[in-house]
There are 2 protein chains.
Amino acid sequence: MPLLTISEVAKQVGLKPSAIRYYEQVGILPRAQRASGQRRYDNTVVYRLALVQRAQQMGFTLEEIRRLFFGFRKATPISERWKKLSERKLAELETLAEQIKAMQTLLRAISEKCNCEALDQCGRGIFRSSCGDAKAAPLRLDQPARKLKQPNSTL
Amino acid sequence: MPLLTISEVAKQVGLKPSAIRYYEQVGILPRAQRASGQRRYDNTVVYRLALVQRAQQMGFTLEEIRRLFFGFRKATPISERWKKLSERKLAELETLAEQIKAMQTLLRAISEKCNCEALDQCGRGIFRSSCGDAKAAPLRLDQPARKLKQPNSTL
DNA sequence: GTACGACTTAAAGTTGGCTTTAAGGCAAGC
DNA sequence: GCTTGCCTTAAAGCCAACTTTAAGTCGTAC
């Protein structure tokens, strides 16, 4: 089997070469061998990258993916690694889903119940009913459930 | 009613002064009057800010909030503005919720079905079953449903 | 007059996951 | 030996929503 260039690998997995270089840079991929300066890969790298992509589809960050690859004793089977990481991620996604539900509830409530004419009238009502409540931190799926505070549900 | 300084306003609504300056800078708040260079506010600004915060809790971006404030004919009542913007946002949240469900499905599937020992063995299985599938774009609640492609559900 | 505290501005930094840019290297074909 | 095309690197840029920093202004208290 001939060795692959970076763009051949990239094409196979649907990534840009720059992404693969980036993964090497941040330690998700080991340093590739070089042929007169250029990276050469055998085809096991595409399996690695398929794993990376699947893990991303599951909501894992690159940091978590690095832990999947390198954060366990060498003998730990991958199936066990998945189970360990999935547990936390499922909990995070549950939290995220609840936050989305809270937003949906707020949106439906304001559509149904608000009859305000003026902005400040509406704002006064909100301020009175929920003065000083937490702001919604921008939710990111890759860093979820950290600085989130719950919206309170009055209107 | 005396005028408020920026930090008094900030304290009332639970924001940092820098956030309020930022809102002025990006046009969410009108330019405040100054007293020897310093911003002075009347208390209607806290209603404005309550509105901003509530809208953020609902998942609106600052850009969308600016549209809520300035993107309609002046006579359009706020209740109608909410309805207009809520429609799109609810649809986005629905999409987002589905993406989360897809992730949960993938996570549960790998926890239940994967018995792989080695990383590459696992990656080969994923690659074979779903070669070239789309990568999950990082999901942000504030700009959802844009470049997302669906994860395919094999394994 | 000077120290203090609260304010001002513009500009840079933060986060993650990359992409883009700039400047250059190396091999093959003509 | 020159062009073409693909590769290399380090550094900067992108996105949103701010925060932080640096350098300076202002009024009040001592």
# chains A, B, ... in the order shown; residues from 1 in each chain; ligands from 1

call {"tool": "closest_atom_pairs", "arguments": {"of": "chain B", "to": "chain D", "cutoff": "10 Å", "atoms": "only C-alpha atoms (C1' of nucleotides)", "output": "JSON lines"}}
result
{"residue": "B:Lys16", "atom": "CA", "partner": "D:DT19", "partner_atom": "C1'", "distance": 9.2}
{"residue": "B:Ser18", "atom": "CA", "partner": "D:DT19", "partner_atom": "C1'", "distance": 7.3}
{"residue": "B:Ala19", "atom": "CA", "partner": "D:DC18", "partner_atom": "C1'", "distance": 6.4}
{"residue": "B:Ile20", "atom": "CA", "partner": "D:DC18", "partner_atom": "C1'", "distance": 9.9}
{"residue": "B:Tyr22", "atom": "CA", "partner": "D:DC18", "partner_atom": "C1'", "distance": 7.5}
{"residue": "B:Tyr23", "atom": "CA", "partner": "D:DC18", "partner_atom": "C1'", "distance": 9.5}
{"residue": "B:Ser36", "atom": "CA", "partner": "D:DC26", "partner_atom": "C1'", "distance": 7.3}
{"residue": "B:Gly37", "atom": "CA", "partner": "D:DT25", "partner_atom": "C1'", "distance": 8.3}
{"residue": "B:Gln38", "atom": "CA", "partner": "D:DC26", "partner_atom": "C1'", "distance": 9.0}
{"residue": "B:Thr61", "atom": "CA", "partner": "D:DA16", "partner_atom": "C1'", "distance": 8.4}
{"residue": "B:Leu62", "atom": "CA", "partner": "D:DA17", "partner_atom": "C1'", "distance": 8.3}
{"residue": "B:Glu63", "atom": "CA", "partner": "D:DA16", "partner_atom": "C1'", "distance": 9.8}
{"residue": "B:Arg140", "atom": "CA", "partner": "D:DA16", "partner_atom": "C1'", "distance": 9.7}
{"residue": "B:Asp142", "atom": "CA", "partner": "D:DA16", "partner_atom": "C1'", "distance": 8.1}
{"residue": "B:Gln143", "atom": "CA", "partner": "D:DA16", "partner_atom": "C1'", "distance": 9.0}

call {"tool": "calpha_fit_and_write", "arguments": {"fixed": "chain A", "moving": "chain B", "output": "tab-separated table (two decimals) with C-alpha atoms, in the first residue's frame"}}
result
chain	number	residue	atom	x	y	z
B	1	MET	CA	-0.10	0.00	-0.06
B	2	PRO	CA	1.33	3.31	-1.13
B	3	LEU	CA	1.56	6.20	1.29
B	4	LEU	CA	-0.94	9.00	0.99
B	5	THR	CA	-0.33	12.73	0.82
B	6	ILE	CA	-2.24	15.03	3.12
B	7	SER	CA	-4.70	16.11	0.47
B	8	GLU	CA	-5.44	12.51	-0.48
B	9	VAL	CA	-6.23	11.74	3.12
B	10	ALA	CA	-8.27	14.91	3.39
B	11	LYS	CA	-10.33	13.99	0.37
B	12	GLN	CA	-11.02	10.50	1.72
B	13	VAL	CA	-12.45	11.79	4.98
B	14	GLY	CA	-13.98	15.02	3.74
B	15	LEU	CA	-11.70	17.41	5.60
B	16	LYS	CA	-9.40	20.18	4.44
B	17	PRO	CA	-5.68	19.57	4.67
B	18	SER	CA	-5.42	22.47	7.10
B	19	ALA	CA	-7.66	20.63	9.54
B	20	ILE	CA	-5.39	17.59	9.47
B	21	ARG	CA	-2.34	19.77	10.09
B	22	TYR	CA	-4.20	21.38	12.93
B	23	TYR	CA	-4.99	18.00	14.48
B	24	GLU	CA	-1.33	17.13	14.36
B	25	GLN	CA	-0.47	20.46	15.91
B	26	VAL	CA	-2.82	20.02	18.86
B	27	GLY	CA	-1.79	16.43	19.43
B	28	ILE	CA	-4.85	14.56	18.21
B	29	LEU	CA	-2.80	12.94	15.48
B	30	PRO	CA	0.80	11.87	16.07
B	31	ARG	CA	3.46	13.61	14.02
B	32	ALA	CA	3.36	12.15	10.52
B	33	GLN	CA	6.45	10.85	8.77
B	34	ARG	CA	7.86	13.11	6.06
B	35	ALA	CA	9.13	12.60	2.55
B	36	SER	CA	11.34	15.55	1.66
B	37	GLY	CA	9.43	17.69	4.10
B	38	GLN	CA	5.94	16.54	3.12
B	39	ARG	CA	3.65	14.47	5.31
B	40	ARG	CA	3.02	10.86	4.29
B	41	TYR	CA	0.30	8.70	5.77
B	42	ASP	CA	-0.66	5.06	5.73
B	43	ASN	CA	-4.33	4.30	5.61
B	44	THR	CA	-4.77	3.75	9.34
B	45	VAL	CA	-4.91	7.54	9.61
B	46	VAL	CA	-8.27	7.58	7.88
B	47	TYR	CA	-9.62	5.30	10.61
B	48	ARG	CA	-8.27	7.68	13.19
B	49	LEU	CA	-9.93	10.57	11.46
B	50	ALA	CA	-13.21	8.70	11.09
B	51	LEU	CA	-13.10	8.23	14.85
B	52	VAL	CA	-12.45	11.94	15.36
B	53	GLN	CA	-15.36	12.87	13.16
B	54	ARG	CA	-17.74	10.45	14.77
B	55	ALA	CA	-16.76	11.69	18.20
B	56	GLN	CA	-17.42	15.24	17.04
B	57	GLN	CA	-20.85	14.21	15.84
B	58	MET	CA	-21.49	13.02	19.37
B	59	GLY	CA	-20.62	16.43	20.73
B	60	PHE	CA	-17.12	15.74	21.98
B	61	THR	CA	-14.55	18.52	21.91
B	62	LEU	CA	-11.07	17.99	20.52
B	63	GLU	CA	-9.80	18.02	24.08
B	64	GLU	CA	-12.16	15.20	24.98
B	65	ILE	CA	-11.17	13.32	21.86
B	66	ARG	CA	-7.54	13.60	22.87
B	67	ARG	CA	-8.52	12.11	26.20
B	68	LEU	CA	-10.30	9.31	24.36
B	69	PHE	CA	-7.07	8.56	22.50
B	70	PHE	CA	-4.44	9.24	25.17
B	71	GLY	CA	-6.18	9.71	28.50
B	72	PHE	CA	-6.45	6.03	29.48
B	73	ARG	CA	-4.05	3.26	30.35
B	74	LYS	CA	-2.86	1.74	27.12
B	75	ALA	CA	-4.66	-1.56	27.75
B	76	THR	CA	-8.06	0.06	28.24
B	77	PRO	CA	-10.29	-1.08	25.36
B	78	ILE	CA	-11.90	1.63	23.30
B	79	SER	CA	-15.36	0.33	24.12
B	80	GLU	CA	-14.69	1.07	27.77
B	81	ARG	CA	-13.32	4.50	26.93
B	82	TRP	CA	-16.46	5.33	25.01
B	83	LYS	CA	-18.62	4.28	27.92
B	84	LYS	CA	-16.68	6.43	30.33
B	85	LEU	CA	-16.82	9.53	28.17
B	86	SER	CA	-20.37	8.96	26.99
B	87	GLU	CA	-21.73	9.05	30.49
B	88	ARG	CA	-20.59	12.62	31.08
B	89	LYS	CA	-21.55	13.73	27.61
B	90	LEU	CA	-25.05	12.33	27.88
B	91	ALA	CA	-25.51	14.23	31.10
B	92	GLU	CA	-24.32	17.42	29.45
B	93	LEU	CA	-26.67	16.92	26.54
B	94	GLU	CA	-29.53	16.34	28.93
B	95	THR	CA	-28.79	19.67	30.59
B	96	LEU	CA	-28.58	21.33	27.23
B	97	ALA	CA	-31.89	19.83	26.15
B	98	GLU	CA	-33.51	21.21	29.28
B	99	GLN	CA	-32.13	24.63	28.59
B	100	ILE	CA	-33.58	24.50	25.13
B	101	LYS	CA	-36.93	23.53	26.57
B	102	ALA	CA	-36.74	26.46	28.94
B	103	MET	CA	-36.13	28.78	26.01
B	104	GLN	CA	-39.02	27.30	24.07
B	105	THR	CA	-41.24	27.82	27.08
B	106	LEU	CA	-40.23	31.45	27.36
B	107	LEU	CA	-40.74	32.01	23.66
B	108	ARG	CA	-44.19	30.47	23.63
B	109	ALA	CA	-45.14	32.38	26.77
B	110	ILE	CA	-44.24	35.75	25.30
B	111	SER	CA	-45.96	35.02	22.02
B	112	GLU	CA	-49.14	34.03	23.79
B	113	LYS	CA	-49.26	36.42	26.70
B	114	CYS	CA	-47.60	39.63	25.66
B	115	ASN	CA	-49.90	42.38	24.51
B	116	CYS	CA	-47.52	45.24	25.08
B	117	GLU	CA	-47.43	48.17	22.71
B	118	ALA	CA	-44.21	49.89	23.66
B	119	LEU	CA	-40.77	48.44	24.27
B	120	ASP	CA	-40.35	50.05	27.66
B	121	GLN	CA	-43.76	48.94	28.81
B	122	CYS	CA	-42.79	45.38	28.01
B	123	GLY	CA	-39.38	45.78	29.60
B	124	ARG	CA	-40.92	47.21	32.76
B	125	GLY	CA	-43.12	44.15	33.08
B	126	ILE	CA	-40.18	41.84	32.65
B	127	PHE	CA	-38.06	43.82	35.06
B	128	ARG	CA	-40.75	43.80	37.74
B	129	SER	CA	-41.40	40.10	37.44
B	130	SER	CA	-37.84	38.97	37.23
B	131	CYS	CA	-35.51	41.66	38.42
B	132	GLY	CA	-31.92	40.58	38.60
B	133	ASP	CA	-32.34	37.12	37.22
B	134	ALA	CA	-29.41	35.39	35.68
B	135	LYS	CA	-28.44	36.05	32.13
B	136	ALA	CA	-28.33	33.18	29.71
B	137	ALA	CA	-24.75	32.38	28.93
B	138	PRO	CA	-24.16	31.64	25.28
B	139	LEU	CA	-24.60	27.94	24.94
B	140	ARG	CA	-22.01	25.97	23.08
B	141	LEU	CA	-22.49	22.33	22.46
B	142	ASP	CA	-18.78	21.72	22.73
B	143	GLN	CA	-18.43	23.21	26.21
B	144	PRO	CA	-21.90	22.85	27.64
B	145	ALA	CA	-23.31	23.12	31.10
B	146	ARG	CA	-20.63	25.24	32.65
B	147	LYS	CA	-21.60	28.77	33.46
B	148	LEU	CA	-25.28	28.37	32.76
B	149	LYS	CA	-27.71	29.78	35.21
B	150	GLN	CA	-31.38	28.99	35.01
B	151	PRO	CA	-33.79	31.42	33.46
B	152	ASN	CA	-36.69	31.91	35.83
B	153	SER	CA	-39.98	31.21	34.28
B	154	THR	CA	-42.17	34.20	35.11
B	155	LEU	CA	-43.74	35.38	31.88

call {"tool": "select_by_dssp", "arguments": {"residues": "stretch 3-154 of chain B", "states": "helix (DSSP H, G or I)", "output": "PyMOL selection string"}}
result
chain B and resi 6-13+17-25+44-57+62-70+78-113+119-129

call {"tool": "write_last_selection", "arguments": {"atoms": "C-alpha atoms", "output": "compact mmCIF listing (two decimals), in the first residue's frame"}}
result
# COMPACT_ATOMS: atom_id res chain seq x y z
CA ILE B 6 -23.19 53.14 34.67
CA SER B 7 -22.20 51.01 37.62
CA GLU B 8 -25.47 51.71 39.40
CA VAL B 9 -27.36 50.56 36.35
CA ALA B 10 -25.08 47.56 36.04
CA LYS B 11 -25.71 46.54 39.60
CA GLN B 12 -29.48 46.82 39.18
CA VAL B 13 -29.56 44.46 36.22
CA PRO B 17 -20.39 48.15 33.25
CA SER B 18 -18.28 46.95 30.34
CA ALA B 19 -21.25 45.04 28.96
CA ILE B 20 -23.39 48.17 29.01
CA ARG B 21 -20.68 50.13 27.21
CA TYR B 22 -20.48 47.33 24.70
CA TYR B 23 -24.23 47.45 24.09
CA GLU B 24 -23.96 51.14 23.40
CA GLN B 25 -21.06 50.52 21.08
CA THR B 44 -35.95 53.42 31.60
CA VAL B 45 -32.57 51.97 30.66
CA VAL B 46 -33.02 49.18 33.18
CA TYR B 47 -36.23 48.18 31.38
CA ARG B 48 -34.34 48.14 28.13
CA LEU B 49 -31.68 45.96 29.66
CA ALA B 50 -34.23 43.64 31.22
CA LEU B 51 -35.63 43.19 27.73
CA VAL B 52 -32.16 42.44 26.37
CA GLN B 53 -31.54 39.86 29.04
CA ARG B 54 -34.87 38.17 28.60
CA ALA B 55 -34.35 38.01 24.87
CA GLN B 56 -30.95 36.43 25.46
CA GLN B 57 -32.56 33.84 27.70
CA LEU B 62 -27.54 40.70 19.98
CA GLU B 63 -28.10 41.19 16.27
CA GLU B 64 -31.60 39.79 16.58
CA ILE B 65 -32.23 41.93 19.62
CA ARG B 66 -31.22 44.99 17.66
CA ARG B 67 -33.75 43.96 15.05
CA LEU B 68 -36.34 43.61 17.80
CA PHE B 69 -35.63 47.19 18.84
CA PHE B 70 -34.97 48.88 15.50
CA ILE B 78 -43.60 44.92 20.67
CA SER B 79 -45.99 42.01 21.05
CA GLU B 80 -46.08 41.68 17.29
CA ARG B 81 -42.32 41.95 17.07
CA TRP B 82 -41.93 39.13 19.56
CA LYS B 83 -44.27 36.95 17.57
CA LYS B 84 -42.38 37.56 14.37
CA LEU B 85 -38.99 36.79 15.86
CA SER B 86 -40.21 33.93 18.02
CA GLU B 87 -41.43 31.99 15.06
CA ARG B 88 -37.97 31.73 13.52
CA LYS B 89 -36.30 31.12 16.84
CA LEU B 90 -38.65 28.32 17.78
CA ALA B 91 -37.88 26.64 14.49
CA GLU B 92 -34.16 26.98 15.13
CA LEU B 93 -34.52 25.53 18.59
CA GLU B 94 -36.50 22.63 17.20
CA THR B 95 -33.65 21.89 14.80
CA LEU B 96 -31.18 22.15 17.61
CA ALA B 97 -33.21 19.81 19.79
CA GLU B 98 -33.22 17.26 17.00
CA GLN B 99 -29.49 17.51 16.63
CA ILE B 100 -29.11 16.87 20.31
CA LYS B 101 -31.33 13.84 20.02
CA ALA B 102 -29.20 12.58 17.16
CA MET B 103 -26.12 12.91 19.34
CA GLN B 104 -27.78 11.12 22.21
CA THR B 105 -28.72 8.32 19.85
CA LEU B 106 -25.16 7.98 18.63
CA LEU B 107 -23.82 8.02 22.16
CA ARG B 108 -26.21 5.37 23.39
CA ALA B 109 -25.54 3.24 20.31
CA ILE B 110 -21.79 3.22 20.82
CA SER B 111 -22.08 2.51 24.52
CA GLU B 112 -24.36 -0.43 23.86
CA LYS B 113 -22.96 -1.90 20.69
CA LEU B 119 -8.83 2.35 18.47
CA ASP B 120 -8.12 1.55 14.85
CA GLN B 121 -10.41 -1.44 14.87
CA CYS B 122 -13.21 0.80 16.05
CA GLY B 123 -12.30 3.52 13.57
CA ARG B 124 -12.25 1.02 10.71
CA GLY B 125 -15.78 -0.04 11.57
CA ILE B 126 -16.96 3.53 11.64
CA PHE B 127 -15.17 4.36 8.43
CA ARG B 128 -16.66 1.38 6.61
CA SER B 129 -20.17 2.08 7.76

call {"tool": "interface_residues", "arguments": {"of": "chain C", "to": "chain A", "cutoff": "9 Å", "atoms": "only C-alpha atoms (C1' of nucleotides)", "output": "list in words"}}
result
DG16, DG17, DC18, DT19, DG25 and DC26 of chain C
